[in-house]
Amino acid sequence: MKNRLKVLRAEHDWTQADLAEKLEVSRQTINAIEKGKYDPSLPLAFKIARLFAVNIESIFSDEA
């Protein structure tokens, strides 16, 4: 799954650690999501979308 998490994080001038703290996950989780090595759970995806005040589809998309 492709995502815009790194772009959104950069727009807010947050480090991976900053974002991880806000989402209550590890920095390694943020890194893995950004690199496309890990797909977040649905609750985490909603939490990310709420944090950035956007809909899930504007962050995550399938690679089809």
# chains A, B, ... in the order shown; residues from 1 in each chain; ligands from 1
>>> residues_around(residues="Leu44 of chain A", least_positions_apart="6", cutoff="10 Å", atoms="only C-alpha atoms", output="list in words")
Leu23, Glu24, Val25 and Arg50 of chain A
>>> select_by_dssp(residues="chain A", states="alpha helix (DSSP H)", output="NGL selection string")
:A and (5-11 or 16-23 or 27-34 or 42-52)
>>> residues_around(residues="segment 4-6 of chain A", least_positions_apart="5", cutoff="12 Å", atoms="only C-alpha atoms", output="PyMOL selection string")
chain A and resi 11-16+19-20+29-36+39-40+45+48-49+51-52+54-62
>>> write_last_selection(atoms="N, CA, C and O atoms", output="compact mmCIF listing (two decimals), in the first residue's frame")
# COMPACT_ATOMS: atom_id res chain seq x y z
N GLU A 11 5.33 18.18 6.32
CA GLU A 11 4.56 19.43 6.26
C GLU A 11 4.32 20.02 7.65
O GLU A 11 4.18 21.22 7.81
N HIS A 12 4.26 19.16 8.64
CA HIS A 12 4.05 19.60 10.02
C HIS A 12 5.38 19.76 10.78
O HIS A 12 5.39 20.08 11.97
N ASP A 13 6.48 19.50 10.08
CA ASP A 13 7.82 19.60 10.67
C ASP A 13 7.97 18.70 11.90
O ASP A 13 8.53 19.10 12.92
N TRP A 14 7.42 17.48 11.79
CA TRP A 14 7.52 16.51 12.86
C TRP A 14 8.54 15.45 12.50
O TRP A 14 8.63 15.04 11.34
N THR A 15 9.29 14.97 13.48
CA THR A 15 10.16 13.83 13.28
C THR A 15 9.32 12.55 13.37
O THR A 15 8.16 12.60 13.80
N GLN A 16 9.91 11.45 13.00
CA GLN A 16 9.21 10.17 13.17
C GLN A 16 8.88 9.95 14.63
O GLN A 16 7.80 9.47 14.97
N LEU A 19 5.80 12.05 15.63
CA LEU A 19 4.56 11.45 15.15
C LEU A 19 4.23 10.19 15.95
O LEU A 19 3.08 9.97 16.33
N ALA A 20 5.23 9.38 16.21
CA ALA A 20 5.02 8.16 16.99
C ALA A 20 4.43 8.47 18.36
O ALA A 20 3.50 7.80 18.82
N THR A 29 7.52 1.75 14.08
CA THR A 29 6.24 1.54 13.40
C THR A 29 6.03 2.63 12.34
O THR A 29 5.65 2.32 11.21
N ILE A 30 6.32 3.87 12.70
CA ILE A 30 6.18 4.98 11.74
C ILE A 30 7.11 4.76 10.57
O ILE A 30 6.72 4.91 9.40
N ASN A 31 8.34 4.38 10.85
CA ASN A 31 9.32 4.13 9.79
C ASN A 31 8.84 3.03 8.85
O ASN A 31 8.90 3.17 7.63
N ALA A 32 8.33 1.96 9.40
CA ALA A 32 7.87 0.83 8.59
C ALA A 32 6.66 1.22 7.74
O ALA A 32 6.56 0.82 6.57
N ILE A 33 5.74 2.00 8.29
CA ILE A 33 4.58 2.45 7.52
C ILE A 33 5.05 3.34 6.37
O ILE A 33 4.62 3.16 5.22
N GLU A 34 5.94 4.29 6.67
CA GLU A 34 6.42 5.20 5.63
C GLU A 34 7.12 4.47 4.49
O GLU A 34 7.01 4.86 3.33
N LYS A 35 7.84 3.41 4.82
CA LYS A 35 8.57 2.65 3.81
C LYS A 35 7.70 1.61 3.10
O LYS A 35 8.16 0.91 2.22
N GLY A 36 6.43 1.51 3.53
CA GLY A 36 5.53 0.55 2.91
C GLY A 36 5.78 -0.89 3.32
O GLY A 36 5.31 -1.82 2.68
N ASP A 39 1.48 -2.24 6.93
CA ASP A 39 0.20 -1.58 6.75
C ASP A 39 -0.43 -1.40 8.13
O ASP A 39 -0.56 -2.38 8.87
N PRO A 40 -0.82 -0.18 8.47
CA PRO A 40 -1.40 0.03 9.80
C PRO A 40 -2.76 -0.64 9.94
O PRO A 40 -3.45 -0.87 8.95
N ALA A 45 -5.02 3.64 11.25
CA ALA A 45 -5.21 4.45 10.05
C ALA A 45 -6.19 5.59 10.32
O ALA A 45 -5.96 6.73 9.91
N ILE A 48 -4.46 8.22 12.46
CA ILE A 48 -3.56 9.03 11.64
C ILE A 48 -4.35 10.07 10.85
O ILE A 48 -3.99 11.25 10.82
N ALA A 49 -5.44 9.64 10.24
CA ALA A 49 -6.27 10.56 9.46
C ALA A 49 -6.84 11.67 10.33
O ALA A 49 -6.84 12.84 9.93
N LEU A 51 -5.55 12.84 13.12
CA LEU A 51 -4.45 13.69 13.53
C LEU A 51 -4.13 14.74 12.46
O LEU A 51 -3.89 15.90 12.76
N PHE A 52 -4.16 14.32 11.19
CA PHE A 52 -3.85 15.24 10.10
C PHE A 52 -5.11 15.92 9.54
O PHE A 52 -5.00 16.72 8.61
N VAL A 54 -7.58 14.79 7.74
CA VAL A 54 -7.87 14.42 6.35
C VAL A 54 -8.55 13.06 6.35
O VAL A 54 -8.59 12.38 7.37
N ASN A 55 -9.08 12.65 5.19
CA ASN A 55 -9.68 11.32 5.14
C ASN A 55 -8.60 10.27 4.85
O ASN A 55 -7.52 10.60 4.35
N ILE A 56 -8.89 9.05 5.20
CA ILE A 56 -7.92 7.96 5.05
C ILE A 56 -7.43 7.84 3.61
O ILE A 56 -6.25 7.63 3.37
N GLU A 57 -8.35 7.99 2.67
CA GLU A 57 -8.00 7.81 1.25
C GLU A 57 -6.98 8.85 0.77
O GLU A 57 -6.26 8.59 -0.19
N SER A 58 -6.89 9.99 1.44
CA SER A 58 -5.91 10.99 1.03
C SER A 58 -4.52 10.67 1.57
O SER A 58 -3.54 11.28 1.16
N ILE A 59 -4.43 9.69 2.47
CA ILE A 59 -3.13 9.27 3.01
C ILE A 59 -2.70 7.93 2.39
O ILE A 59 -1.56 7.77 1.97
N PHE A 60 -3.63 6.99 2.38
CA PHE A 60 -3.32 5.63 1.93
C PHE A 60 -4.03 5.29 0.62
O PHE A 60 -5.18 5.64 0.44
N SER A 61 -3.32 4.59 -0.25
CA SER A 61 -3.95 4.11 -1.48
C SER A 61 -3.36 2.76 -1.85
O SER A 61 -2.18 2.50 -1.55
N ASP A 62 -4.16 1.91 -2.47
CA ASP A 62 -3.61 0.63 -2.90
C ASP A 62 -2.73 0.86 -4.13
O ASP A 62 -2.81 1.89 -4.79
>>> select_by_dssp(residues="chain A", states="strand (DSSP E or B)", output="JSON, numbers by chain")
{"A": [2, 3, 60, 61]}
>>> atom_distance(atom1="atom CA of Ser41 of chain A", atom2="atom CA of Ala17 of chain A")
19.0 Å
>>> decode(residues="segment 20-35 of chain A", atoms="N, CA, C and O atoms", output="CSV table (one decimal), in the first residue's frame")
chain,number,residue,atom,x,y,z
A,20,ALA,N,5.2,9.4,16.2
A,20,ALA,CA,5.0,8.2,17.0
A,20,ALA,C,4.4,8.5,18.4
A,20,ALA,O,3.5,7.8,18.8
A,21,GLU,N,4.9,9.5,19.0
A,21,GLU,CA,4.4,9.9,20.3
A,21,GLU,C,3.0,10.3,20.2
A,21,GLU,O,2.2,9.9,21.1
A,22,LYS,N,2.6,11.1,19.2
A,22,LYS,CA,1.3,11.6,19.1
A,22,LYS,C,0.3,10.4,18.8
A,22,LYS,O,-0.9,10.5,19.2
A,23,LEU,N,0.8,9.4,18.1
A,23,LEU,CA,-0.1,8.2,17.8
A,23,LEU,C,0.0,7.1,18.8
A,23,LEU,O,-0.6,6.1,18.6
A,24,GLU,N,0.9,7.3,19.8
A,24,GLU,CA,1.2,6.2,20.8
A,24,GLU,C,1.6,4.9,20.2
A,24,GLU,O,1.1,3.8,20.5
A,25,VAL,N,2.6,5.0,19.2
A,25,VAL,CA,3.2,3.8,18.6
A,25,VAL,C,4.7,4.1,18.7
A,25,VAL,O,5.2,5.1,19.1
A,26,SER,N,5.5,3.1,18.3
A,26,SER,CA,6.9,3.2,18.3
A,26,SER,C,7.4,4.0,17.0
A,26,SER,O,6.7,4.0,16.0
A,27,ARG,N,8.6,4.6,17.1
A,27,ARG,CA,9.2,5.2,15.9
A,27,ARG,C,9.4,4.2,14.8
A,27,ARG,O,9.2,4.5,13.6
A,28,GLN,N,9.7,3.0,15.2
A,28,GLN,CA,9.9,1.9,14.2
A,28,GLN,C,8.7,1.6,13.4
A,28,GLN,O,8.7,1.3,12.2
A,29,THR,N,7.5,1.7,14.1
A,29,THR,CA,6.2,1.5,13.4
A,29,THR,C,6.0,2.6,12.3
A,29,THR,O,5.7,2.3,11.2
A,30,ILE,N,6.3,3.9,12.7
A,30,ILE,CA,6.2,5.0,11.7
A,30,ILE,C,7.1,4.8,10.6
A,30,ILE,O,6.7,4.9,9.4
A,31,ASN,N,8.3,4.4,10.8
A,31,ASN,CA,9.3,4.1,9.8
A,31,ASN,C,8.8,3.0,8.8
A,31,ASN,O,8.9,3.2,7.6
A,32,ALA,N,8.3,2.0,9.4
A,32,ALA,CA,7.9,0.8,8.6
A,32,ALA,C,6.7,1.2,7.7
A,32,ALA,O,6.6,0.8,6.6
A,33,ILE,N,5.7,2.0,8.3
A,33,ILE,CA,4.6,2.5,7.5
A,33,ILE,C,5.0,3.3,6.4
A,33,ILE,O,4.6,3.2,5.2
A,34,GLU,N,5.9,4.3,6.7
A,34,GLU,CA,6.4,5.2,5.6
A,34,GLU,C,7.1,4.5,4.5
A,34,GLU,O,7.0,4.9,3.3
A,35,LYS,N,7.8,3.4,4.8
A,35,LYS,CA,8.6,2.6,3.8
A,35,LYS,C,7.7,1.6,3.1
A,35,LYS,O,8.2,0.9,2.2
